[in-house]
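Right, one structure below, let's go through it.
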Amino acid sequence: MVNVTTKSTESWSRDLSPIRIGSVETYEENGSTLVATSVEVAWQYSKIYSHRNEDGKLIPLNFTDSKGRPNANWFRWRDEHWNKPEFHWNHPEFEKNKKFVRRGFRREV
């Protein structure tokens with residue numbers, strides 16, 4: 001087994017972490033190629049969340065149309081996060097933003 005997380009003590013395997021791979025071209029939309037800061041950002045911000053947790057309460061998100069497809073709200077949310085410089089692993093503010101790279105919305109325990 002190989003540890004490919006950012007906590008790996010081996011630089012070669014740590015560099016295989018989805019957080020460290022990128023920027024990455026993802027797909028074409030409206031004639032332009034979308035570039036995500038990392039594979040991890042592309043994964044987390046491609047999800048269509050139905051709710052977010054706020055102080056232990058599930059708050060519905062308006063991210064889909066009546067057929068369950070992503071709507072304009074979702075695309076705005078995705079685009080806001082997709083290529084944030086502070087989500088890149090070597091950005092000076094990465095550590096304070098890492099939790100948002102790993103999860104689009106905060107998880108309450």
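Every chain in the structure tokens has a letter given in the order shown (A, B, ...), and although residue numbers restart at 1 in each chain, ligands are simply numbered from 1 in the order shown.
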At most 8 Å is the cut-off: for each residue in segment 32-77 of chain A with any atom that close to an atom of segment 83-101 of chain A, write down the nearest atom pair and the distance in Å rounded to one decimal, counting only C-alpha atoms, chain first then increasing number, as CSV.
```
residue,atom,partner,partner_atom,distance
A:Val35,CA,A:Asn83,CA,6.7
A:Ala36,CA,A:Asn83,CA,5.0
A:Thr37,CA,A:Asn83,CA,4.8
A:Ser38,CA,A:His88,CA,6.9
A:Glu40,CA,A:Val101,CA,6.8
A:Val41,CA,A:Val101,CA,5.7
A:Gln44,CA,A:Val101,CA,7.2
```
Exercise for review: Pick out the residues sitting within 10 Å of Ala72 of chain A, and hand them over as a PyMOL selection string; count only C-alpha atoms, and ignore anything fewer than 5 positions along from it in its own chain.
Suggested key: chain A and resi 62-65+77-78
Exercise for review: Could you please write out, as a PyMOL selection string, every residue of chain A that DSSP assigns to alpha helix (DSSP H)?
Suggested key: chain A and resi 11-14+39-44+72-82+94-102
Practice item. May I ask which of the residues A:Asn30, A:Tyr49, A:Ile21, A:Asn73 is the closest one to Val4 of chain A, counting only C-alpha atoms? Key: A:Ile21
DSSP on the backbone: which residues in segment 8-49 of chain A end up as strand (DSSP E or B)? Give the answer as a PDB file with C-alpha atoms, in the first residue's frame.
```pdb
ATOM      1  CA  VAL A  24      -5.853  20.291 -14.424  1.00  0.00           C
ATOM      2  CA  GLU A  25      -7.919  20.787 -17.564  1.00  0.00           C
ATOM      3  CA  THR A  26     -11.280  19.173 -16.952  1.00  0.00           C
ATOM      4  CA  TYR A  27     -13.804  19.588 -19.747  1.00  0.00           C
ATOM      5  CA  GLU A  28     -15.081  22.049 -22.268  1.00  0.00           C
ATOM      6  CA  GLU A  29     -18.036  24.278 -21.485  1.00  0.00           C
ATOM      7  CA  SER A  32     -13.792  27.114 -23.229  1.00  0.00           C
ATOM      8  CA  THR A  33     -11.738  24.503 -21.401  1.00  0.00           C
ATOM      9  CA  LEU A  34     -12.343  24.619 -17.658  1.00  0.00           C
ATOM     10  CA  VAL A  35      -9.206  24.414 -15.532  1.00  0.00           C
ATOM     11  CA  ALA A  36      -9.442  23.393 -11.884  1.00  0.00           C
TER      12      ALA A  36
END
```
Check your understanding: At what distance in Å, to one decimal, does atom CA of Ile59 of chain A lie from atom CA of Ile19 of chain A?
Key ->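 Atom-to-atom, atom CA of Ile19 of chain A to atom CA of Ile59 of chain A, that is 27.6 Å.
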Which neighbours of Trp12 of chain A fall inside 12 Å, counting only C-alpha atoms, when residues of the same chain fewer than 6 positions from it are skipped, and could you give them as a short mmCIF file (atom, residue, chain, number, x, y, z; two decimals) with N, CA and C atoms, in the first residue's frame?
```cif
data_model
loop_
_atom_site.label_atom_id
_atom_site.label_comp_id
_atom_site.auth_asym_id
_atom_site.auth_seq_id
_atom_site.Cartn_x
_atom_site.Cartn_y
_atom_site.Cartn_z
N VAL A 2 0.50 2.22 -0.79
CA VAL A 2 1.26 3.46 -0.88
C VAL A 2 0.41 4.61 -0.37
N ASN A 3 0.96 5.39 0.52
CA ASN A 3 0.28 6.57 1.06
C ASN A 3 0.44 7.71 0.06
N VAL A 4 -0.66 8.10 -0.58
CA VAL A 4 -0.61 9.20 -1.54
C VAL A 4 -1.35 10.43 -1.00
N THR A 5 -1.33 10.57 0.31
CA THR A 5 -1.95 11.74 0.92
C THR A 5 -0.88 12.81 1.15
N THR A 6 -1.33 13.99 1.49
CA THR A 6 -0.39 15.08 1.77
C THR A 6 0.40 14.83 3.05
N ARG A 20 -2.41 17.80 -4.72
CA ARG A 20 -1.18 18.35 -5.29
C ARG A 20 -1.10 18.22 -6.81
#
```
Check your understanding: Of the candidates A:Asp55, A:Ser46, A:Pro60, A:Gly22, which one gets nearest to Trp74 of chain A if we count only C-alpha atoms?
Key -> A:Ser46
Check your understanding: In Å, how far is it from atom CA of Ser50 of chain A to atom CA of Arg69 of chain A?
Key -> 11.6 Å
Review point. Mind pulling up the distance from atom CA of Val39 of chain A to atom CA of Thr9 of chain A?
Key: 20.7 Å
